[in-house]
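coords25.cif (mmCIF, C-alpha atoms) appears below.
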data_work
loop_
_atom_site.label_atom_id
_atom_site.label_comp_id
_atom_site.auth_asym_id
_atom_site.auth_seq_id
_atom_site.Cartn_x
_atom_site.Cartn_y
_atom_site.Cartn_z
CA MET A 455 -62.54 38.11 -65.61
CA LYS A 456 -63.04 35.03 -63.49
CA ASP A 457 -59.62 34.77 -61.76
CA THR A 458 -60.36 35.52 -58.10
CA ALA A 459 -56.64 35.47 -57.30
CA LYS A 460 -56.30 38.67 -59.30
CA ASP A 461 -59.25 40.48 -57.75
CA ALA A 462 -57.20 42.75 -55.52
CA GLY A 463 -55.09 44.08 -58.37
CA ARG A 464 -58.00 44.41 -60.73
CA ASP A 465 -60.24 46.15 -58.21
CA ALA A 466 -57.66 48.90 -58.11
CA ALA A 467 -58.27 49.61 -61.80
CA GLY A 468 -59.47 53.15 -62.35
CA ALA A 469 -58.03 54.47 -59.10
CA GLY A 470 -55.69 56.78 -61.03
CA ALA A 471 -56.58 59.77 -63.18
CA GLY A 472 -60.33 60.24 -63.55
CA ALA A 473 -61.52 58.25 -60.52
CA GLY A 474 -64.14 60.17 -58.55
CA ARG A 475 -64.49 62.83 -61.24
CA THR A 476 -67.91 64.15 -62.23
CA GLU A 477 -67.01 66.44 -65.15
CA PRO A 478 -66.33 64.95 -68.60
CA LEU A 479 -63.17 62.90 -68.92
CA GLY A 480 -60.61 64.06 -71.45
CA VAL A 481 -59.98 61.34 -74.05
CA ALA A 482 -57.84 60.85 -77.14
CA VAL A 483 -58.41 58.37 -79.96
CA VAL A 484 -55.34 56.87 -81.62
CA GLY A 485 -56.02 55.56 -85.12
CA ALA A 486 -58.30 57.09 -87.76
CA GLY A 487 -58.65 54.04 -89.96
CA TYR A 488 -61.50 51.51 -90.03
CA TRP A 489 -62.64 51.58 -86.39
CA GLY A 490 -61.32 54.90 -85.15
CA PRO A 491 -64.11 57.00 -86.72
CA ASN A 492 -66.72 54.91 -84.87
CA LEU A 493 -64.97 55.60 -81.57
CA VAL A 494 -64.67 59.30 -82.42
CA ARG A 495 -68.40 59.52 -83.10
CA ASN A 496 -69.37 57.82 -79.85
CA PHE A 497 -66.92 59.73 -77.65
CA GLN A 498 -68.11 63.00 -79.16
CA SER A 499 -71.76 62.15 -78.47
CA SER A 500 -71.13 60.96 -74.91
CA PRO A 501 -71.62 63.45 -72.05
CA GLU A 502 -69.10 61.37 -70.07
CA PHE A 503 -66.15 62.32 -72.29
CA ARG A 504 -64.61 65.30 -74.01
CA LEU A 505 -62.65 64.24 -77.08
CA ARG A 506 -59.45 66.30 -77.24
CA TRP A 507 -57.28 64.57 -79.85
CA LEU A 508 -57.42 62.27 -82.84
CA CYS A 509 -53.94 60.92 -83.48
CA ASP A 510 -52.96 59.20 -86.72
CA LEU A 511 -49.80 58.95 -88.81
CA ASN A 512 -51.91 60.34 -91.65
CA VAL A 513 -52.98 63.72 -90.29
CA ASP A 514 -55.07 64.48 -93.36
CA ARG A 515 -57.10 61.34 -92.77
CA ALA A 516 -57.59 62.35 -89.14
CA ARG A 517 -58.78 65.82 -90.18
CA GLN A 518 -61.18 64.28 -92.67
CA VAL A 519 -62.69 62.10 -89.95
CA LEU A 520 -63.15 65.10 -87.66
CA GLY A 521 -64.65 67.39 -90.29
CA ASN A 522 -64.06 71.07 -90.93
CA TYR A 523 -65.78 72.45 -87.84
CA SER A 524 -64.42 70.18 -85.14
CA THR A 525 -62.57 71.64 -82.17
CA VAL A 526 -60.77 68.32 -81.67
CA GLN A 527 -57.08 68.50 -82.53
CA ALA A 528 -55.66 66.23 -85.23
CA THR A 529 -52.02 65.22 -84.93
CA ALA A 530 -49.41 62.61 -85.79
CA ASP A 531 -47.46 63.39 -82.59
CA TYR A 532 -48.44 60.74 -80.06
CA ALA A 533 -45.99 62.13 -77.49
CA ALA A 534 -47.88 65.43 -77.54
CA VAL A 535 -51.13 63.61 -76.88
CA LEU A 536 -49.68 61.78 -73.87
CA ALA A 537 -48.15 64.99 -72.55
CA ASP A 538 -51.54 66.71 -72.43
CA PRO A 539 -52.56 66.72 -68.73
CA GLU A 540 -56.23 67.01 -69.70
CA VAL A 541 -56.11 63.66 -71.49
CA GLU A 542 -57.11 61.11 -68.88
CA ALA A 543 -57.93 58.21 -71.20
CA VAL A 544 -56.69 56.89 -74.54
CA ALA A 545 -58.62 54.70 -76.97
CA VAL A 546 -56.38 52.60 -79.22
CA ALA A 547 -57.71 51.71 -82.69
CA THR A 548 -54.45 50.87 -84.46
CA PRO A 549 -53.34 47.53 -86.01
CA ALA A 550 -53.01 44.70 -83.48
CA GLY A 551 -49.25 44.51 -83.91
CA THR A 552 -48.93 48.05 -82.52
CA HIS A 553 -51.25 47.63 -79.53
CA LEU A 554 -48.47 46.78 -77.08
CA ASP A 555 -46.35 49.85 -77.79
CA VAL A 556 -49.24 52.31 -78.09
CA ALA A 557 -51.17 51.08 -75.04
CA LEU A 558 -48.08 50.59 -72.90
CA ALA A 559 -46.96 54.16 -73.53
CA ALA A 560 -50.39 55.43 -72.50
CA LEU A 561 -50.42 53.39 -69.30
CA ARG A 562 -46.93 54.56 -68.38
CA ALA A 563 -48.15 58.13 -68.92
CA GLY A 564 -50.88 57.49 -66.35
CA LYS A 565 -53.78 57.22 -68.79
CA HIS A 566 -56.68 54.78 -68.67
CA VAL A 567 -56.73 52.70 -71.84
CA LEU A 568 -59.38 51.24 -74.11
CA VAL A 569 -57.98 48.83 -76.72
CA GLU A 570 -59.75 47.64 -79.84
CA LYS A 571 -59.76 43.85 -80.10
CA PRO A 572 -57.59 41.89 -80.00
CA LEU A 573 -55.95 43.18 -76.83
CA ALA A 574 -52.53 42.51 -78.35
CA ALA A 575 -50.84 40.44 -81.03
CA THR A 576 -49.76 37.73 -78.56
CA TYR A 577 -50.69 36.44 -75.13
CA GLU A 578 -47.34 37.60 -73.71
CA ASP A 579 -47.91 41.13 -74.99
CA GLY A 580 -51.43 41.15 -73.58
CA LEU A 581 -50.16 39.98 -70.20
CA ARG A 582 -47.66 42.84 -70.12
CA LEU A 583 -50.50 45.31 -70.61
CA VAL A 584 -52.67 43.69 -67.93
CA ASN A 585 -49.82 43.66 -65.41
CA GLU A 586 -48.87 47.27 -66.18
CA ALA A 587 -52.44 48.48 -65.69
CA GLU A 588 -52.88 46.58 -62.44
CA GLU A 589 -49.57 47.80 -61.02
CA ARG A 590 -50.49 51.40 -61.81
CA GLY A 591 -54.13 51.15 -60.70
CA LEU A 592 -55.43 52.12 -64.14
CA THR A 593 -58.39 50.89 -66.15
CA LEU A 594 -57.53 48.63 -69.08
CA MET A 595 -60.57 47.75 -71.17
CA CYS A 596 -60.93 45.66 -74.31
CA ASP A 597 -63.54 46.77 -76.84
CA HIS A 598 -65.44 43.49 -77.21
CA THR A 599 -68.28 45.30 -78.95
CA TYR A 600 -70.72 42.40 -79.26
CA CYS A 601 -70.80 42.07 -75.47
CA TYR A 602 -72.52 45.46 -75.28
CA THR A 603 -75.39 44.68 -77.63
CA PRO A 604 -78.84 44.47 -76.00
CA ALA A 605 -79.13 40.82 -77.11
CA VAL A 606 -75.88 39.66 -75.48
CA ALA A 607 -76.58 41.70 -72.34
CA ARG A 608 -79.92 39.87 -72.02
CA ILE A 609 -78.29 36.49 -72.69
CA ARG A 610 -75.72 37.16 -69.97
CA ASP A 611 -78.49 37.98 -67.49
CA MET A 612 -80.43 34.80 -68.33
CA VAL A 613 -77.38 32.55 -68.15
CA ARG A 614 -76.02 34.01 -64.93
CA SER A 615 -79.40 34.14 -63.19
CA GLY A 616 -79.84 30.40 -63.69
CA GLU A 617 -82.89 30.87 -65.92
CA LEU A 618 -81.45 28.38 -68.42
CA GLY A 619 -80.22 26.00 -65.73
CA ASP A 620 -76.77 24.44 -65.85
CA ILE A 621 -75.02 25.10 -69.16
CA GLN A 622 -74.73 21.89 -71.17
CA PHE A 623 -73.44 23.22 -74.50
CA VAL A 624 -72.80 26.37 -76.51
CA ASP A 625 -72.79 26.26 -80.31
CA SER A 626 -71.85 29.29 -82.44
CA VAL A 627 -71.82 29.71 -86.22
CA ARG A 628 -70.19 32.74 -87.85
CA ILE A 629 -69.92 32.17 -91.58
CA ASN A 630 -69.98 34.35 -94.69
CA LEU A 631 -68.33 34.83 -98.08
CA GLY A 632 -64.97 36.61 -97.54
CA LEU A 633 -63.05 38.66 -96.86
CA VAL A 634 -60.08 36.27 -97.00
CA GLN A 635 -57.27 37.84 -95.00
CA LYS A 636 -53.61 37.74 -96.01
CA ASP A 637 -51.97 37.77 -92.59
CA ILE A 638 -54.33 35.80 -90.32
CA ASP A 639 -56.50 32.71 -90.63
CA VAL A 640 -60.26 32.54 -90.26
CA LEU A 641 -60.02 31.65 -86.56
CA TRP A 642 -58.11 34.82 -85.69
CA ASP A 643 -60.37 36.87 -87.95
CA LEU A 644 -63.86 35.74 -86.91
CA ALA A 645 -63.68 33.61 -83.75
CA PRO A 646 -62.71 36.47 -81.36
CA HIS A 647 -66.30 37.71 -81.56
CA ASP A 648 -67.73 34.39 -80.37
CA LEU A 649 -64.98 33.79 -77.81
CA SER A 650 -65.46 37.21 -76.23
CA VAL A 651 -69.21 36.63 -75.99
CA LEU A 652 -68.64 33.19 -74.46
CA ASP A 653 -66.35 34.62 -71.78
CA PHE A 654 -68.86 37.40 -71.14
CA ILE A 655 -71.96 35.24 -70.64
CA LEU A 656 -70.59 32.25 -68.74
CA PRO A 657 -71.04 32.22 -64.96
CA ASP A 658 -67.91 32.92 -62.91
CA ASN A 659 -67.55 29.26 -61.96
CA VAL A 660 -67.66 28.01 -65.56
CA HIS A 661 -64.68 28.46 -67.87
CA PRO A 662 -62.80 26.78 -70.74
CA VAL A 663 -59.84 24.59 -69.84
CA ALA A 664 -58.74 23.12 -73.19
CA VAL A 665 -59.28 23.57 -76.92
CA ALA A 666 -59.13 21.48 -80.08
CA ALA A 667 -59.23 23.03 -83.56
CA HIS A 668 -59.57 21.68 -87.08
CA GLY A 669 -59.13 23.80 -90.19
CA ALA A 670 -58.89 23.57 -93.96
CA ASP A 671 -57.55 25.70 -96.80
CA PRO A 672 -59.35 24.33 -99.87
CA ILE A 673 -58.59 27.39 -102.03
CA GLY A 674 -54.86 27.58 -101.34
CA ALA A 675 -55.01 30.91 -99.50
CA GLY A 676 -52.08 29.99 -97.28
CA GLN A 677 -54.10 29.73 -94.05
CA SER A 678 -57.28 28.06 -92.87
CA CYS A 679 -60.42 29.47 -94.52
CA VAL A 680 -62.79 27.06 -92.74
CA ALA A 681 -62.33 26.08 -89.10
CA TYR A 682 -64.05 24.32 -86.22
CA LEU A 683 -63.12 25.07 -82.64
CA THR A 684 -64.19 22.95 -79.67
CA LEU A 685 -63.68 24.16 -76.11
CA GLN A 686 -63.83 21.87 -73.10
CA LEU A 687 -65.39 23.59 -70.09
CA ASN A 688 -64.43 22.78 -66.52
CA THR A 689 -67.95 21.46 -65.89
CA GLY A 690 -67.74 18.79 -68.60
CA ALA A 691 -69.84 20.81 -71.05
CA ILE A 692 -68.47 21.91 -74.42
CA ALA A 693 -68.59 25.04 -76.54
CA HIS A 694 -68.24 24.82 -80.31
CA VAL A 695 -67.44 27.59 -82.81
CA HIS A 696 -67.71 27.24 -86.59
CA VAL A 697 -66.12 29.99 -88.70
CA ASN A 698 -65.93 30.10 -92.49
CA TRP A 699 -64.90 32.58 -95.18
CA LEU A 700 -66.26 30.45 -98.02
CA SER A 701 -69.97 30.20 -97.21
CA PRO A 702 -72.34 31.59 -99.87
CA VAL A 703 -74.74 32.64 -97.11
CA LYS A 704 -74.14 34.74 -94.03
CA VAL A 705 -75.07 33.12 -90.70
CA ARG A 706 -74.64 34.58 -87.21
CA THR A 707 -76.25 32.28 -84.67
CA THR A 708 -75.43 31.12 -81.17
CA MET A 709 -77.27 28.41 -79.24
CA VAL A 710 -76.89 28.12 -75.47
CA GLY A 711 -78.27 24.87 -74.13
CA GLY A 712 -79.17 24.62 -70.45
CA SER A 713 -80.69 21.96 -68.25
CA LYS A 714 -83.91 24.01 -68.00
CA ARG A 715 -84.15 25.94 -71.26
CA THR A 716 -82.30 26.50 -74.52
CA LEU A 717 -81.63 29.93 -75.99
CA VAL A 718 -81.05 30.77 -79.65
CA TRP A 719 -79.52 34.09 -80.68
CA ASP A 720 -79.89 34.96 -84.38
CA ASP A 721 -78.09 38.26 -84.86
CA LEU A 722 -79.38 38.62 -88.43
CA ASN A 723 -83.05 38.39 -87.44
CA PRO A 724 -84.08 41.91 -86.35
CA THR A 725 -87.62 40.83 -85.40
CA GLN A 726 -86.55 37.95 -83.14
CA ARG A 727 -82.91 38.12 -82.20
CA VAL A 728 -83.32 35.99 -79.07
CA ALA A 729 -85.67 33.05 -78.60
CA VAL A 730 -85.91 30.91 -75.46
CA PHE A 731 -87.26 27.37 -75.79
CA ASP A 732 -88.73 25.39 -72.95
CA ARG A 733 -87.81 22.25 -74.85
CA GLY A 734 -85.13 19.73 -74.18
CA VAL A 735 -84.13 16.50 -72.53
CA ASP A 736 -84.95 15.63 -68.92
CA LEU A 737 -83.19 12.94 -66.93
CA THR A 738 -84.67 10.83 -64.14
CA ALA A 739 -82.82 8.37 -61.94
CA PRO A 740 -85.16 5.78 -60.43
CA GLN A 741 -83.12 3.93 -57.82
CA GLU A 742 -85.27 0.86 -57.47
CA ILE A 743 -84.84 -0.60 -60.97
CA GLY A 744 -81.94 -2.46 -62.51
CA ALA A 745 -79.07 -0.82 -64.37
CA ASP A 746 -80.18 -1.97 -67.83
CA GLU A 747 -83.74 -0.75 -67.33
CA ARG A 748 -82.46 2.48 -65.83
CA ARG A 749 -80.48 3.32 -68.96
CA ASP A 750 -83.64 2.93 -71.01
CA MET A 751 -85.77 5.07 -68.69
CA LEU A 752 -83.34 7.90 -67.92
CA VAL A 753 -84.18 10.07 -70.92
CA SER A 754 -87.47 11.87 -71.48
CA TYR A 755 -88.22 14.73 -73.84
CA ARG A 756 -89.81 18.03 -72.89
CA THR A 757 -91.76 20.10 -75.41
CA GLY A 758 -92.87 23.49 -74.15
CA ASP A 759 -93.35 27.07 -75.26
CA MET A 760 -90.98 29.41 -77.06
CA VAL A 761 -90.62 32.94 -75.74
CA ALA A 762 -88.97 35.84 -77.57
CA PRO A 763 -88.03 38.43 -74.94
CA ALA A 764 -88.33 42.10 -75.85
CA LEU A 765 -84.98 43.80 -76.36
CA GLY A 766 -84.16 47.47 -76.21
CA GLU A 767 -82.49 49.30 -79.07
CA LYS A 768 -79.15 50.87 -78.26
CA GLU A 769 -75.89 51.09 -80.17
CA ALA A 770 -73.35 48.68 -78.70
CA LEU A 771 -70.50 51.16 -78.94
CA ARG A 772 -72.45 53.73 -76.97
CA SER A 773 -72.95 51.21 -74.16
CA MET A 774 -69.27 50.28 -74.35
CA VAL A 775 -68.20 53.92 -74.02
CA GLU A 776 -70.54 54.34 -71.04
CA GLU A 777 -69.01 51.26 -69.37
CA PHE A 778 -65.51 52.65 -69.93
CA ALA A 779 -66.47 55.88 -68.18
CA ALA A 780 -68.28 54.07 -65.36
CA SER A 781 -65.30 51.82 -64.65
CA ILE A 782 -62.92 54.80 -64.51
CA ARG A 783 -65.19 56.80 -62.21
CA ALA A 784 -65.95 53.88 -59.88
CA GLY A 785 -62.40 52.55 -59.83
CA ARG A 786 -63.61 49.06 -60.80
CA PRO A 787 -62.72 46.67 -63.63
CA PRO A 788 -64.88 47.09 -66.73
CA LEU A 789 -67.08 44.21 -67.82
CA THR A 790 -64.64 43.40 -70.63
CA ASP A 791 -61.37 44.14 -68.89
CA GLY A 792 -57.83 43.29 -69.91
CA ARG A 793 -58.14 39.77 -68.57
CA ALA A 794 -61.15 39.14 -70.79
CA GLY A 795 -58.98 40.12 -73.74
CA LEU A 796 -56.22 37.87 -72.40
CA GLN A 797 -58.61 34.91 -72.25
CA VAL A 798 -59.44 35.33 -75.94
CA LEU A 799 -55.74 35.49 -76.86
CA ASP A 800 -55.05 32.35 -74.83
CA ILE A 801 -57.74 30.41 -76.69
CA LEU A 802 -56.63 31.67 -80.10
CA GLU A 803 -53.00 30.75 -79.51
CA ALA A 804 -54.01 27.33 -78.19
CA ALA A 805 -56.22 26.86 -81.26
CA SER A 806 -53.27 27.69 -83.53
CA ARG A 807 -51.15 25.08 -81.77
CA SER A 808 -53.96 22.58 -82.10
CA LEU A 809 -54.17 23.24 -85.84
CA GLU A 810 -50.44 22.57 -86.15
CA PHE A 811 -50.91 19.20 -84.48
CA LYS A 812 -53.96 18.16 -86.53
CA GLY A 813 -56.60 18.83 -83.91
CA ALA A 814 -54.75 17.79 -80.75
CA VAL A 815 -56.29 18.97 -77.49
CA VAL A 816 -54.29 21.88 -76.04
CA GLY A 817 -54.68 23.10 -72.46
CA LEU A 818 -55.27 26.77 -71.69
CA ARG A 819 -52.96 28.90 -69.59
CA THR A 820 -55.76 30.98 -68.12
CA GLY A 821 -57.98 27.92 -67.42
CA ARG A 822 -59.50 29.95 -64.65
#

Once more with this new file: its structure as structure tokens, please.
Amino acid sequence: MKDTAKDAGRDAAGAGAGAGRTEPLGVAVVGAGYWGPNLVRNFQSSPEFRLRWLCDLNVDRARQVLGNYSTVQATADYAAVLADPEVEAVAVATPAGTHLDVALAALRAGKHVLVEKPLAATYEDGLRLVNEAEERGLTLMCDHTYCYTPAVARIRDMVRSGELGDIQFVDSVRINLGLVQKDIDVLWDLAPHDLSVLDFILPDNVHPVAVAAHGADPIGAGQSCVAYLTLQLNTGAIAHVHVNWLSPVKVRTTMVGGSKRTLVWDDLNPTQRVAVFDRGVDLTAPQEIGADERRDMLVSYRTGDMVAPALGEKEALRSMVEEFAASIRAGRPPLTDGRAGLQVLDILEAASRSLEFKGAVVGLRTGR
């Protein structure tokens, strides 16, 4: 999202089918498992879309999701879905290992594509999707759902407006008891949420350049169940992510420290999800005193008020669906475009390499 060298290609996104349209956009959902029903519900309730198909290998499951009175067609024939000229967009909610084939087929059929996270199973696969969409002038969007919550939208505004000052650190904790996955470690399971939010809120001139990861498997699950991820930002600041499947308590907090104010987001606190503290450390640099004295006098502490900004109530998926439609109609990249998904994959793969080398610092490919 912050690679200016790619702006020309990305600004063409959405210029294909659907751009400039005012009537509802025809859409198909592929996958009726865990996430597909949520997409079905939000596409059906959106005036921007008309849901035409729900495609799943298990047609009975698709029919059950749609209900007995739905006019949406259930099918296991993906080719038939792509051949429908009234389908202008496809939402992919299948396992990550299938994202490349399913999304690539849709793009090659001239459809705009929304992909459930992660964008693909590997960085290389994700890059193929991004390049295909840009070459064809189609919208490719990654469903980074947390980015469309009212809390994260407000955090993005405060960070990017300079209200917090220069970003000095970001610290995220996402811990709970289970579910231990068989095929991926805790970083790939939980960290994508925090990494997508980080990419979403940081100003365009601030981005990660390297990562170091440490993990442990104290229960013998075969992959890390507890992990700590540290990102070096190009400004010298750091971002830290703690993920854990073994915690007896559930914690979802993110702290964003700035030179002016510090923000705390507690996603499990419905009465005060976001709090902004006018408290922190100020630095002064008197030029007329000696170096030793200067070191002692540089730091002073600021204790001010805490403000909890009012947040609206709106389902994140509804906002995400609206952004998908808006990006198609305007022919612009969505807020969480394919390159945002690519950034997350880059960090996760670098973190896996770091784990292999006992916490070694690994540079990022997209270090944009």

Apply the PyMOL selection byres ((chain A and resi 597-610) around 7) to the displayed file and report the matching residues as number ranges by chain.
A: 568-571, 595-596, 611-614, 647, 650-651, 654-655, 727-728, 765-771, 773-774, 790

CA of Ser678 (chain A) to CA of Val640 (chain A), straight-line distance in Å:
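CA of Ser678 (chain A) lies at a distance of 6.0 Å from CA of Val640 (chain A).
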
What is the CA of Gln498 (chain A) to CA of Leu479 (chain A) distance in Å?
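Here the two named atoms are 11.4 Å from each other.
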
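Residues surrounding Val484 (chain A) within 10 Å are A:Val481, A:Gly487, A:Gly490, A:Leu493, A:Val494, A:Trp507, A:Leu508, A:Cys509, A:Asp510, A:Leu511, A:Ala516, A:Thr529, A:Ala530, A:Tyr532, A:Val535, A:Val544, A:Ala545, A:Val546, A:Ala547, A:Thr548, A:Val556, A:Ala557, A:Val569 [only C-alpha atoms; sequence separation below 3 positions excluded].
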
Tell me, as number ranges by chain, which residues lie within 10 Å of Asp538 (chain A), counting all atoms listed in the file; anything in the same chain fewer than 6 positions away does not count.
A: 480, 482, 506-507, 563

Let's have the selection written as a PDB file, in the frame of the given file, with C-alpha atoms.
ATOM      1  CA  GLY A 480     -60.610  64.060 -71.450  1.00  0.00           C
ATOM      2  CA  ALA A 482     -57.840  60.850 -77.140  1.00  0.00           C
ATOM      3  CA  ARG A 506     -59.450  66.300 -77.240  1.00  0.00           C
ATOM      4  CA  TRP A 507     -57.280  64.570 -79.850  1.00  0.00           C
ATOM      5  CA  ALA A 563     -48.150  58.130 -68.920  1.00  0.00           C
TER       6      ALA A 563
END

Running the PyMOL selection byres ((chain A and resi 649) around 9) on this model by hand, what would come out? Give it as a VMD selection string.
chain A and resid 645 to 648 650 to 654 695 797 to 798 801 to 802

Which residue is closest to Leu722 (chain A)? Choose from A:Arg628, A:Lys812, A:Arg495, A:His553 and count all atoms listed in the file.
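Looking only at the distances to Leu722 (chain A), the closest residue turns out to be A:Arg628.
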
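From CA of Thr576 (chain A) back to CA of Asp791 (chain A), the distance works out to 16.4 Å.
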
Please provide as a ChimeraX atom specification all residues within 10 Å of Leu818 (chain A), with the sequence filter that same-chain residues fewer than 6 positions apart are discarded (counting only C-alpha atoms).
/A:662-665,685-686,797,800-805

Nearest to Val815 (chain A): which of A:Ala667, A:Ala486, A:Ile629, A:Ala559 is it, counting all atoms listed in the file?
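Nearest to Val815 (chain A): A:Ala667.
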
Which residues fall under the PyMOL selection byres ((chain A and resi 689) around 9) in this file, as a ChimeraX atom specification?
/A:621-622,659-662,686-688,690-692

Given the choices A:Tyr577, A:Arg517, A:His566, A:Ala550, which gets closest to Leu594 (chain A) if the distance is worked out from all atoms listed in the file?
A:His566

From the set A:Asp531, A:Asp721, A:Asp555, A:Glu776, which residue has the shortest atom-to-atom contact distance to Ser500 (chain A), counting only C-alpha atoms?
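Checking each of A:Asp531, A:Asp721, A:Asp555, A:Glu776 against Ser500 (chain A), counting only C-alpha atoms, the winner is A:Glu776.
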
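With all atoms listed in the file as the atoms that count, the residue of A:Thr552, A:Thr593, A:Asn698, A:Ser806 with the shortest distance to Lys565 (chain A) is A:Thr593.
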
For Arg793 (chain A), which residue out of A:Asp625, A:Glu502, A:Glu810, A:Glu588 is the nearest one, using all atoms listed in the file?
A:Glu588
